[in-house]
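S.K.: Okay, here's the structure, questions in a sec.
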Amino acid sequence: MSKIKSSNLGYPRIGENREWKKALESYWNGDITEAELLEKTGEVRLHHLKKQKEIGIDLIPVGDFSLYDQVLDTSATFGVVPKRFHYTGGKVDLDTYFAIARGADDAVASEMTKWFNTNYHYIVPELNDVTPTLAENRALNYYNEAKGKLGIDGKAVILGPITYLKISKGYEESQFSELVDTFLPLYVQVLKELVDAGATWVQIDEPIFVTDVAENVLAAAQKVYQTFAEEVPEINIIFQTYFEKVSDYETIVNLPVKGIGLDFVHGDSLSLLQEYGFPKDKVLAAGIVDGRNVWRAKLGEKLTLLETIKQFINEDQLIVQPSSSLLHVPITKKLEQKIDPIVLGGLSFADEKLEEIVILTKGLQQGRAAIETEIQKSITERNNLQANYRSNDKVHEEIKNLTPEDAKRNVSFEERSKLQEECLNLPLLPTTTIGSLPQTKEVRSTRAKWRKGEITDQQYEKFVKDNIKRWIDIQEQLDLDVLVHGEFERNDMVEYFGDKFNGFIVTENGYVQSYGSRYVKPPLIIGDVSWEKPITVKESVYAQSLTDRPVKGMLTGPVTILNWSFVHDASHRYETMKQIALALQKEVVALEKNGIKIIQVDEPALREGLPLDRAKWEEYLKVSAYAFRLATASVDADTQIHTHMCYSNFEDIFDCIDALDADVISIESSRSHGEIVSTFEENTYRKGIGLGVYDIHSPRVPSVNEIKQNIDRALETISPKQFWVNPDCGLKTRKEEETVAALEVMVQAAKEARQVK
Ligand code: GLN
Ligand code: ZN
């Protein structure tokens with residue numbers, strides 16, 4: 001009997017009918033009790049485990065589940081709770097757990113940032129002032145549950161100590177090894193308890209090792225895994241990496257663990273394997289099926305790749321698995337009723353990917369002939385999709401004829417800003433918001449009714465218009481300086497455009513977790529992208545007609561649209577980015593022609609799209625800046641271009657931000673507690689900038705003083721002439737009362753700050 005095993009690294013949490021999301025939100029709203037929340041989410045969790053078993057996965061991950069985020073779970077495991085949440089030790093209770101993520105009345109939430117190069121956000125652990133202990137062995141609880149309730153001897157998943165520490169904050173580099181020593185015995189304890197419960201496999205996620213890590217970090221890994229090997233020899237540890245090839249292959253594969261998990265889809269792990277070989281005493285857990293996209297695998301090619309890999313390892317020491325956790329793809333394509341069957345045939349979501357894993361494992365065990373039918377099917381389906389690729393010669397022609405001038409504003413920023421000042425006539429420290437206003441239940445249910453055909457187009461349009469009007473009035477009353485129409489007509493900032501550009505299709509249920517209970521539905525790009533007719537002009541023009549204050553036109557930028565879509569791999573990513581930029585340019589021109597003088601083109605995904613492999617940075621940043629300018633540069637000098645990015649850690653992209661040549665940028669900053677300002681101490685940036693002055697991810701209403709402090713801190717480094725006052729991000733997830741109350745405070749703080757200047 002072959003020892004080759006199929007495995008999974010993690011499963012989406014949301015639930016087929018979004019039961020997980022609904023339960024969480026009901027709990028936060030006070031509609032269900034803690035016991036009900038645990039019961040409902042428990043059902044989802046067990047259902048997912050059962051499904052994986054039925055599909056035939058040998059090593060089923062347990063403990064990948066979370067009620068919010070797996071990094072926050074790791075913090076809760078070790079009692080890493082910032083002082084301001086009044087934690088007194090022991091198991092972190094549910095409300096404290098959620099408070100760290102979402103804020104409490106008397107405590108701001110912990111910072112949230114993107115998980116490597118994904119659109120998933122984790123809660124950044126704060127290590128200052130905490131005394132780590134083993135507060136709750138969460139992995140053990142999940143292991144026991146799966147075993148007890150389903151008879152599944154799961155593979156426990158835990159976030160590895162080195163990655164955990166490297167993505168935490170609140171300590172100096174010099175304290176790193178001391179922290180490793182603090183956490184090491186706690187991790188050992190976690191593993192020992194797993195062994196006692198009968199666990200044989202554990203997957204320790206250490207994705208930090210696909211980035212460049214310093215010598216001391218590698219040394220720490222050697223020490224940690226050596227200790228595990230000595231103290232808990234009974235357990236089979238898989239040292240799991242993903243999203244890129246590892247940066248120090250030889251060190252990593254020689255760590256004293258049972259197995260090494262490598263990504264054979266992103267980054268060239270195969271070359272490393274061929275060049276340096278693989279230890280004969282270890283299992284290679286090969287990430288073969290792409291965990292980051294939704295396209296059916298070419299099974300024949302995948303099997304060949306596995307057969308190649310097999311030549312370099314010891315007989316049967318192989319685990320077949322996805323390239324990463326399936327958290328980053330939707331659950332199952334079975335829920336899609338409306339997609340063109342040809343496209344549907346070419347798709348593969350989480351469940352289908354697991355089926356592919358099982359088929360490939362069988363192919364390896366029993367030989368190619370055993371899966372020949374499936375191989376043929378995958379070829380046919382992929383070819384059908386390919387043959388249907390919607391190609392557009394006109395777009396190719398336009399791209400070919402572009403000149404550098406097309407992506408360049410012909411007036412310098414200094415000149416432009418004078419003209420814009422005259423045209424817009426704004427006060428010092430102008431106030432604005434990021435675009436979206438609360439998407440209330442009513443907004444969402446009205447859209448759903450319209451989708452189902454229960455209300456007419458006219459009724460829906462009137463509803464959107466009424467909301468725009470109501471909110472223009474509210475914003476005027478609040479005395480905001482630059483208004484927005486509120487994005488009530490949009491479900492999501494990428495899906496909305498995907499639905500309207502040629503070359504995209506949208507799914508009904510293709511949800512992917514973004515943060516907490518927030519999910520996005522990335523559209524699929526299955527053809528050349530082009531613009532057909534105005535998309536946003538109607539709403540923007542209507543909003544502008546209601547007020548004398550400027551209303552910002554609101555678009556999503558080319559980098560973000562690309563990064564947050566699933567791009568059919570027949571298209572070249574950067575070519576697609578240019579096509580999107582060109583399509584957006586036409587929308588920008590249409591807005592301007594219709595009297596919109598400020599146009600914001602959001603690029604919240606620019607930073608996360610940065611390749612993990614540094615060698616690929618330069619090209620990415622260059623193409624991204626070019627695409628943004630291509631979309632925006634054709635406007636008149638007195639039209640003001642804004643951009644917005646969520647999350648502030650952008651030291652790495654500072655030059656690129658400048659190269660976007662946007663007149664004003666707004667970025668998140670309130671949760672990073674002033675750290676971001678120091679980026680500006682080290683770099684000069686002359687264009688307009690709005691550092692978010694309050695956190696919109698939390699329902700908490702800030703005080704005037706808090707906001708004023710944020711403004712004052714920023715003004716120590718940034719000129720008041722450059723500075724804009726705005727929240728961190730869009731307000732669509734907030735309730736109406738919270739939003740009005742918070743904006744009132746914000747405007748008040750801006751007015752007070754103006755008086756001093
Ligand atoms: N304009 C968008 C909004 O306000 C921006 C969202 C984002 O940055 N993610 O919702
Ligand atoms: Zn944002």
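Residue numbers start at 1 in each chain; chains themselves are named A, B, ... in the order of the structure tokens; ligands are numbered from 1 in the order shown.
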Set the cut-off to 12 Å, count only C-alpha atoms and all ligand atoms, and list whatever residues fall near ligand 2 as a PyMOL selection string.
M.R.: chain A and resi 113+433-436+493+556+560+600-606+643-648+665-669+690-692+695-697+726-733
S.K.: Would you output that residue set with C-alpha atoms, as an mmCIF file, in the first residue's frame?
M.R.:
data_model
loop_
_atom_site.group_PDB
_atom_site.id
_atom_site.type_symbol
_atom_site.label_atom_id
_atom_site.label_comp_id
_atom_site.auth_asym_id
_atom_site.auth_seq_id
_atom_site.Cartn_x
_atom_site.Cartn_y
_atom_site.Cartn_z
ATOM 1 C CA THR A 113 -2.913 44.263 8.123
ATOM 2 C CA THR A 433 -14.625 60.812 3.462
ATOM 3 C CA ILE A 434 -13.277 57.890 1.475
ATOM 4 C CA GLY A 435 -16.358 57.244 -0.606
ATOM 5 C CA SER A 436 -18.813 54.715 0.649
ATOM 6 C CA MET A 493 -15.659 48.185 -5.284
ATOM 7 C CA THR A 556 -11.436 51.652 -8.348
ATOM 8 C CA THR A 560 -6.764 46.842 -7.379
ATOM 9 C CA GLN A 600 -10.693 59.500 -6.699
ATOM 10 C CA VAL A 601 -9.195 56.311 -8.027
ATOM 11 C CA ASP A 602 -8.770 53.851 -5.166
ATOM 12 C CA GLU A 603 -5.760 51.551 -5.026
ATOM 13 C CA PRO A 604 -6.092 49.708 -1.722
ATOM 14 C CA ALA A 605 -4.514 46.583 -3.203
ATOM 15 C CA LEU A 606 -1.323 48.131 -4.478
ATOM 16 C CA THR A 643 -6.242 58.033 -4.609
ATOM 17 C CA HIS A 644 -6.850 55.966 -1.508
ATOM 18 C CA MET A 645 -5.024 53.034 0.021
ATOM 19 C CA CYS A 646 -6.023 51.026 3.032
ATOM 20 C CA TYR A 647 -3.276 50.140 5.480
ATOM 21 C CA SER A 648 -0.361 52.180 6.124
ATOM 22 C CA ILE A 665 -3.699 60.431 -1.379
ATOM 23 C CA SER A 666 -5.652 59.213 1.632
ATOM 24 C CA ILE A 667 -4.368 56.316 3.679
ATOM 25 C CA GLU A 668 -5.283 54.395 6.761
ATOM 26 C CA SER A 669 -3.299 55.324 9.820
ATOM 27 C CA GLY A 690 -4.965 62.567 4.225
ATOM 28 C CA LEU A 691 -3.887 60.272 7.035
ATOM 29 C CA GLY A 692 -6.991 58.570 8.366
ATOM 30 C CA ASP A 695 -10.705 53.858 12.680
ATOM 31 C CA ILE A 696 -13.716 52.864 10.649
ATOM 32 C CA HIS A 697 -13.352 49.140 11.255
ATOM 33 C CA ASN A 726 -10.613 62.004 6.626
ATOM 34 C CA PRO A 727 -11.504 58.662 8.186
ATOM 35 C CA ASP A 728 -9.293 55.632 7.533
ATOM 36 C CA CYS A 729 -11.422 54.032 4.858
ATOM 37 C CA GLY A 730 -14.936 53.809 3.422
ATOM 38 C CA LEU A 731 -17.879 53.840 5.807
ATOM 39 C CA LYS A 732 -20.032 51.193 4.221
ATOM 40 C CA THR A 733 -19.803 48.712 7.073
#
S.K.: Would you pick out the contacts of Ile123 (chain A) at 10 Å or less, using only C-alpha atoms, so that residues sharing its chain but fewer than 4 positions from it are not included, and give the list as a list of chain:residue names?
M.R.: A:Tyr68, A:Asp69, A:Gln70, A:Val71, A:Leu72, A:Asp73, A:Ser75, A:Ile100, A:Ala101, A:Arg102, A:Ala109, A:Ser110, A:Glu111, A:Met112, A:Thr113, A:Lys114, A:Trp115, A:Ile167, A:Ser168, A:Tyr515, A:Gly516
S.K.: Write a file of the selected residues as a PDB file, in the first residue's frame, keeping N, CA and C atoms.
M.R.:
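result_5.pdb, written as the output of this step:
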ATOM      1  N   TYR A  68     -12.604  34.552  13.880  1.00  0.00           N
ATOM      2  CA  TYR A  68     -12.268  35.856  13.295  1.00  0.00           C
ATOM      3  C   TYR A  68     -11.037  35.736  12.413  1.00  0.00           C
ATOM      4  N   ASP A  69      -9.937  35.295  13.023  1.00  0.00           N
ATOM      5  CA  ASP A  69      -8.668  35.290  12.303  1.00  0.00           C
ATOM      6  C   ASP A  69      -7.704  34.330  12.984  1.00  0.00           C
ATOM      7  N   GLN A  70      -6.934  33.595  12.219  1.00  0.00           N
ATOM      8  CA  GLN A  70      -6.045  32.592  12.815  1.00  0.00           C
ATOM      9  C   GLN A  70      -4.862  33.215  13.563  1.00  0.00           C
ATOM     10  N   VAL A  71      -4.483  34.430  13.200  1.00  0.00           N
ATOM     11  CA  VAL A  71      -3.387  35.059  13.937  1.00  0.00           C
ATOM     12  C   VAL A  71      -3.895  35.516  15.306  1.00  0.00           C
ATOM     13  N   LEU A  72      -5.091  36.079  15.297  1.00  0.00           N
ATOM     14  CA  LEU A  72      -5.717  36.454  16.570  1.00  0.00           C
ATOM     15  C   LEU A  72      -5.903  35.209  17.448  1.00  0.00           C
ATOM     16  N   ASP A  73      -6.229  34.088  16.842  1.00  0.00           N
ATOM     17  CA  ASP A  73      -6.369  32.842  17.601  1.00  0.00           C
ATOM     18  C   ASP A  73      -5.055  32.448  18.261  1.00  0.00           C
ATOM     19  N   SER A  75      -2.733  34.534  19.156  1.00  0.00           N
ATOM     20  CA  SER A  75      -2.581  35.457  20.292  1.00  0.00           C
ATOM     21  C   SER A  75      -3.430  34.982  21.465  1.00  0.00           C
ATOM     22  N   ILE A 100     -10.497  42.847  20.741  1.00  0.00           N
ATOM     23  CA  ILE A 100      -9.158  43.076  20.177  1.00  0.00           C
ATOM     24  C   ILE A 100      -9.290  43.350  18.681  1.00  0.00           C
ATOM     25  N   ALA A 101     -10.183  42.618  18.055  1.00  0.00           N
ATOM     26  CA  ALA A 101     -10.350  42.752  16.607  1.00  0.00           C
ATOM     27  C   ALA A 101     -11.157  43.985  16.223  1.00  0.00           C
ATOM     28  N   ARG A 102     -12.145  44.328  17.052  1.00  0.00           N
ATOM     29  CA  ARG A 102     -13.107  45.332  16.621  1.00  0.00           C
ATOM     30  C   ARG A 102     -13.134  46.577  17.478  1.00  0.00           C
ATOM     31  N   ALA A 109      -9.142  49.068  18.722  1.00  0.00           N
ATOM     32  CA  ALA A 109      -8.828  47.725  18.247  1.00  0.00           C
ATOM     33  C   ALA A 109      -7.347  47.618  17.914  1.00  0.00           C
ATOM     34  N   SER A 110      -6.850  46.400  17.847  1.00  0.00           N
ATOM     35  CA  SER A 110      -5.484  46.202  17.379  1.00  0.00           C
ATOM     36  C   SER A 110      -5.429  46.458  15.881  1.00  0.00           C
ATOM     37  N   GLU A 111      -4.238  46.752  15.423  1.00  0.00           N
ATOM     38  CA  GLU A 111      -4.056  47.032  14.005  1.00  0.00           C
ATOM     39  C   GLU A 111      -4.376  45.792  13.179  1.00  0.00           C
ATOM     40  N   MET A 112      -4.795  46.048  11.957  1.00  0.00           N
ATOM     41  CA  MET A 112      -5.130  44.932  11.082  1.00  0.00           C
ATOM     42  C   MET A 112      -4.267  45.114   9.841  1.00  0.00           C
ATOM     43  N   THR A 113      -3.692  44.065   9.344  1.00  0.00           N
ATOM     44  CA  THR A 113      -2.913  44.263   8.123  1.00  0.00           C
ATOM     45  C   THR A 113      -2.974  43.026   7.246  1.00  0.00           C
ATOM     46  N   LYS A 114      -2.494  43.182   6.020  1.00  0.00           N
ATOM     47  CA  LYS A 114      -2.691  42.116   5.039  1.00  0.00           C
ATOM     48  C   LYS A 114      -1.741  40.938   5.258  1.00  0.00           C
ATOM     49  N   TRP A 115      -2.293  39.807   5.072  1.00  0.00           N
ATOM     50  CA  TRP A 115      -1.580  38.541   5.238  1.00  0.00           C
ATOM     51  C   TRP A 115      -0.771  38.285   3.975  1.00  0.00           C
ATOM     52  N   ILE A 167       5.521  38.700  12.392  1.00  0.00           N
ATOM     53  CA  ILE A 167       4.416  39.563  11.945  1.00  0.00           C
ATOM     54  C   ILE A 167       3.761  40.305  13.121  1.00  0.00           C
ATOM     55  N   SER A 168       4.350  40.171  14.301  1.00  0.00           N
ATOM     56  CA  SER A 168       3.849  40.907  15.472  1.00  0.00           C
ATOM     57  C   SER A 168       4.534  42.253  15.558  1.00  0.00           C
ATOM     58  N   TYR A 515     -11.672  40.375   5.880  1.00  0.00           N
ATOM     59  CA  TYR A 515     -11.293  40.442   7.298  1.00  0.00           C
ATOM     60  C   TYR A 515     -12.531  40.162   8.131  1.00  0.00           C
ATOM     61  N   GLY A 516     -12.359  39.492   9.257  1.00  0.00           N
ATOM     62  CA  GLY A 516     -13.500  39.206  10.124  1.00  0.00           C
ATOM     63  C   GLY A 516     -14.630  38.606   9.308  1.00  0.00           C
TER      64      GLY A 516
END
S.K.: Got a sec to tell me which of region 289-524 of chain A DSSP assigns to helix (DSSP H, G or I), as an MDAnalysis selection string?
M.R.: chainID A and resid 299:311 326:328 333:335 341:345 350:366 368:387 393:400 404:407 413:424 441:451 457:478 495:500
S.K.: Kindly save the residues from that selection, with C-alpha atoms included, as a tab-separated table (two decimals), in the first residue's frame.
M.R.:
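Output below, filename out_24.tsv:
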chain	number	residue	atom	x	y	z
A	299	LEU	CA	-4.46	17.42	-14.32
A	300	GLY	CA	-2.17	15.86	-16.89
A	301	GLU	CA	0.48	18.52	-16.40
A	302	LYS	CA	0.07	18.39	-12.63
A	303	LEU	CA	0.58	14.66	-12.61
A	304	THR	CA	3.71	15.04	-14.69
A	305	LEU	CA	4.98	17.62	-12.22
A	306	LEU	CA	4.31	15.25	-9.33
A	307	GLU	CA	6.08	12.44	-11.14
A	308	THR	CA	9.07	14.72	-11.66
A	309	ILE	CA	9.07	15.70	-8.00
A	310	LYS	CA	8.88	12.06	-7.01
A	311	GLN	CA	12.20	11.34	-8.68
A	326	LEU	CA	-8.12	27.31	0.49
A	327	LEU	CA	-9.20	30.27	2.60
A	328	HIS	CA	-8.44	32.39	-0.44
A	333	LYS	CA	-18.88	26.07	-7.74
A	334	LYS	CA	-21.96	23.93	-7.25
A	335	LEU	CA	-23.73	27.00	-5.95
A	341	PRO	CA	-21.68	26.50	-18.55
A	342	ILE	CA	-18.50	26.79	-20.60
A	343	VAL	CA	-16.94	29.06	-18.03
A	344	LEU	CA	-18.32	26.98	-15.19
A	345	GLY	CA	-16.64	23.90	-16.64
A	350	ALA	CA	-12.23	24.80	-2.77
A	351	ASP	CA	-14.22	21.57	-2.92
A	352	GLU	CA	-13.35	20.98	-6.55
A	353	LYS	CA	-9.69	21.62	-5.80
A	354	LEU	CA	-9.79	18.98	-3.09
A	355	GLU	CA	-11.31	16.59	-5.60
A	356	GLU	CA	-8.41	17.38	-7.92
A	357	ILE	CA	-5.98	16.61	-5.10
A	358	VAL	CA	-7.63	13.26	-4.52
A	359	ILE	CA	-7.55	12.43	-8.24
A	360	LEU	CA	-3.88	13.36	-8.52
A	361	THR	CA	-3.03	11.26	-5.48
A	362	LYS	CA	-4.77	8.34	-7.07
A	363	GLY	CA	-2.91	8.96	-10.33
A	364	LEU	CA	0.37	8.78	-8.47
A	365	GLN	CA	-0.57	5.67	-6.56
A	366	GLN	CA	-2.17	3.72	-9.35
A	368	ARG	CA	-1.77	7.66	-15.05
A	369	ALA	CA	-4.21	5.29	-16.68
A	370	ALA	CA	-6.29	5.19	-13.53
A	371	ILE	CA	-7.19	8.85	-13.91
A	372	GLU	CA	-7.08	9.16	-17.69
A	373	THR	CA	-10.79	10.05	-17.92
A	374	GLU	CA	-10.36	12.91	-15.45
A	375	ILE	CA	-7.25	14.10	-17.25
A	376	GLN	CA	-9.11	14.19	-20.54
A	377	LYS	CA	-12.02	15.98	-18.96
A	378	SER	CA	-9.77	18.66	-17.54
A	379	ILE	CA	-8.22	19.18	-20.95
A	380	THR	CA	-11.57	19.49	-22.67
A	381	GLU	CA	-12.99	21.88	-20.12
A	382	ARG	CA	-9.89	24.04	-20.15
A	383	ASN	CA	-9.83	24.10	-23.93
A	384	ASN	CA	-13.47	25.09	-24.07
A	385	LEU	CA	-12.81	27.96	-21.74
A	386	GLN	CA	-9.78	28.96	-23.76
A	387	ALA	CA	-11.69	28.79	-27.05
A	393	ASP	CA	-8.61	43.29	-31.42
A	394	LYS	CA	-9.53	46.91	-30.90
A	395	VAL	CA	-8.15	46.80	-27.37
A	396	HIS	CA	-4.90	45.22	-28.57
A	397	GLU	CA	-4.60	47.95	-31.18
A	398	GLU	CA	-5.19	50.75	-28.67
A	399	ILE	CA	-2.64	49.32	-26.25
A	400	LYS	CA	-0.10	49.02	-29.04
A	404	PRO	CA	4.47	57.66	-22.88
A	405	GLU	CA	2.49	60.92	-23.09
A	406	ASP	CA	-0.71	59.01	-22.52
A	407	ALA	CA	0.41	58.23	-19.00
A	413	PHE	CA	2.08	69.15	-9.46
A	414	GLU	CA	3.04	72.64	-8.22
A	415	GLU	CA	1.27	74.32	-11.14
A	416	ARG	CA	-1.71	72.01	-10.95
A	417	SER	CA	-2.23	72.54	-7.28
A	418	LYS	CA	-2.48	76.31	-7.75
A	419	LEU	CA	-5.07	75.89	-10.47
A	420	GLN	CA	-6.96	73.39	-8.35
A	421	GLU	CA	-6.94	75.72	-5.37
A	422	GLU	CA	-8.57	78.43	-7.45
A	423	CYS	CA	-11.07	76.06	-8.87
A	424	LEU	CA	-12.05	74.25	-5.65
A	441	LYS	CA	-29.84	46.54	5.69
A	442	GLU	CA	-32.33	48.49	3.64
A	443	VAL	CA	-29.73	49.30	0.99
A	444	ARG	CA	-28.67	45.69	0.74
A	445	SER	CA	-32.13	44.22	0.76
A	446	THR	CA	-33.37	46.69	-1.87
A	447	ARG	CA	-30.49	45.70	-4.12
A	448	ALA	CA	-31.29	42.04	-3.55
A	449	LYS	CA	-34.92	42.64	-4.48
A	450	TRP	CA	-33.89	44.43	-7.63
A	451	ARG	CA	-31.56	41.58	-8.54
A	457	ASP	CA	-34.98	49.31	-12.55
A	458	GLN	CA	-36.78	52.61	-12.08
A	459	GLN	CA	-37.72	51.79	-8.52
A	460	TYR	CA	-34.17	50.80	-7.72
A	461	GLU	CA	-32.69	53.89	-9.33
A	462	LYS	CA	-35.07	56.07	-7.41
A	463	PHE	CA	-34.07	54.36	-4.20
A	464	VAL	CA	-30.39	55.00	-4.91
A	465	LYS	CA	-31.10	58.62	-5.81
A	466	ASP	CA	-33.09	59.18	-2.64
A	467	ASN	CA	-30.19	57.92	-0.60
A	468	ILE	CA	-27.73	60.09	-2.45
A	469	LYS	CA	-29.91	63.12	-1.83
A	470	ARG	CA	-30.41	62.34	1.82
A	471	TRP	CA	-26.69	61.94	2.34
A	472	ILE	CA	-25.70	65.03	0.39
A	473	ASP	CA	-27.91	66.91	2.83
A	474	ILE	CA	-26.36	65.16	5.81
A	475	GLN	CA	-22.85	65.87	4.57
A	476	GLU	CA	-23.68	69.54	4.03
A	477	GLN	CA	-25.12	69.75	7.51
A	478	LEU	CA	-22.01	68.11	8.89
A	495	GLU	CA	-17.23	43.47	-8.47
A	496	TYR	CA	-19.19	46.58	-9.42
A	497	PHE	CA	-16.76	47.49	-12.19
A	498	GLY	CA	-16.22	43.89	-13.15
A	499	ASP	CA	-19.90	43.66	-13.85
A	500	LYS	CA	-19.76	46.60	-16.24
S.K.: Quick one: of A:Tyr142, A:Tyr574, A:Tyr27, A:Tyr519, who's nearest to ligand 1, counting only C-alpha atoms and all ligand atoms?
M.R.: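 Once distances to ligand 1 are computed over only C-alpha atoms and all ligand atoms, the minimum belongs to A:Tyr519.
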S.K.: Which residue, A:Pro61, A:Gly291, A:Pro82, A:Gly90, has the smallest gap to Trp201 (chain A) when you use only C-alpha atoms?
M.R.: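 Residue with the minimum atom-to-atom distance to Trp201 (chain A): A:Pro61.
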S.K.: List the spatial neighbours of Ile237 (chain A) as a PDB file with N, CA and C atoms, in the first residue's frame - criterion: any atom at most 6 Å away, only C-alpha atoms, same-chain residues fewer than 4 positions off excluded.
M.R.:
ATOM      1  N   VAL A 202       1.046  17.366  12.687  1.00  0.00           N
ATOM      2  CA  VAL A 202       0.759  18.783  12.921  1.00  0.00           C
ATOM      3  C   VAL A 202       1.387  19.597  11.794  1.00  0.00           C
ATOM      4  N   GLN A 203       0.614  20.537  11.315  1.00  0.00           N
ATOM      5  CA  GLN A 203       1.117  21.439  10.268  1.00  0.00           C
ATOM      6  C   GLN A 203       1.462  22.754  10.938  1.00  0.00           C
ATOM      7  N   VAL A 257      12.541  18.205  11.015  1.00  0.00           N
ATOM      8  CA  VAL A 257      11.103  17.930  11.093  1.00  0.00           C
ATOM      9  C   VAL A 257      10.783  16.752  10.182  1.00  0.00           C
ATOM     10  N   LYS A 258       9.562  16.257  10.313  1.00  0.00           N
ATOM     11  CA  LYS A 258       9.168  15.106   9.501  1.00  0.00           C
ATOM     12  C   LYS A 258       8.933  15.493   8.042  1.00  0.00           C
TER      13      LYS A 258
END
S.K.: For ligand 1, which residue among A:Val701, A:Ala637, A:Val484, A:Leu715 is the nearest when counting only C-alpha atoms and all ligand atoms?
M.R.: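 Of A:Val701, A:Ala637, A:Val484, A:Leu715, the one nearest ligand 1, counting only C-alpha atoms and all ligand atoms, is A:Val484.
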S.K.: Work out how far CA of Arg45 (chain A) is from CA of Lys149 (chain A), in Å to one decimal.
M.R.: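 Computed distance, CA of Lys149 (chain A) to CA of Arg45 (chain A), equals 11.4 Å.
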S.K.: Identify, on the basis of only C-alpha atoms, every residue whose closest approach to region 182-194 of chain A does not exceed 6 Å; exclude the query and any residue fewer than 5 positions from it along the same chain; express the result as a PDB file with C-alpha atoms, in the first residue's frame.
M.R.:
ATOM      1  CA  LEU A 134      -0.567  28.896  27.394  1.00  0.00           C
ATOM      2  CA  LEU A 140      -6.052  20.697  20.871  1.00  0.00           C
ATOM      3  CA  ALA A 199      -2.415  13.484  17.358  1.00  0.00           C
TER       4      ALA A 199
END
S.K.: Which residues are close to Ala633 (chain A), i.e. within 10 Å by only C-alpha atoms, leaving aside same-chain residues fewer than 3 positions away? Reply as a list in words.
M.R.: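 The residues that qualify are Glu405, Asp406, Ala407, Lys408, Arg409, Asn410, Val411, Gln585, Val588, Val589, Tyr626, Ala627, Phe628, Arg629, Leu630, Asp636, Ala637, Ile641, Leu660, Asp661 and Ala662 of chain A.
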S.K.: Check the smallest atom-to-atom distance from each of A:Thr403, A:Thr332, A:Asn491, A:Ser719 to Thr440 (chain A) using only C-alpha atoms, then report the winner.
M.R.: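 Among the listed residues, the smallest separation from Thr440 (chain A) belongs to A:Asn491.
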S.K.: One decimal, Å: what's the distance from CA of Glu682 (chain A) over to CA of Arg607 (chain A), could you say?
M.R.: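 Distance reported for this atom pair: 18.8 Å.
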S.K.: Pick out the closest residue to Val482 (chain A) from this set: A:Thr211, A:Gln439, A:Asn502, A:Thr431. Count only C-alpha atoms.
M.R.: A:Thr431
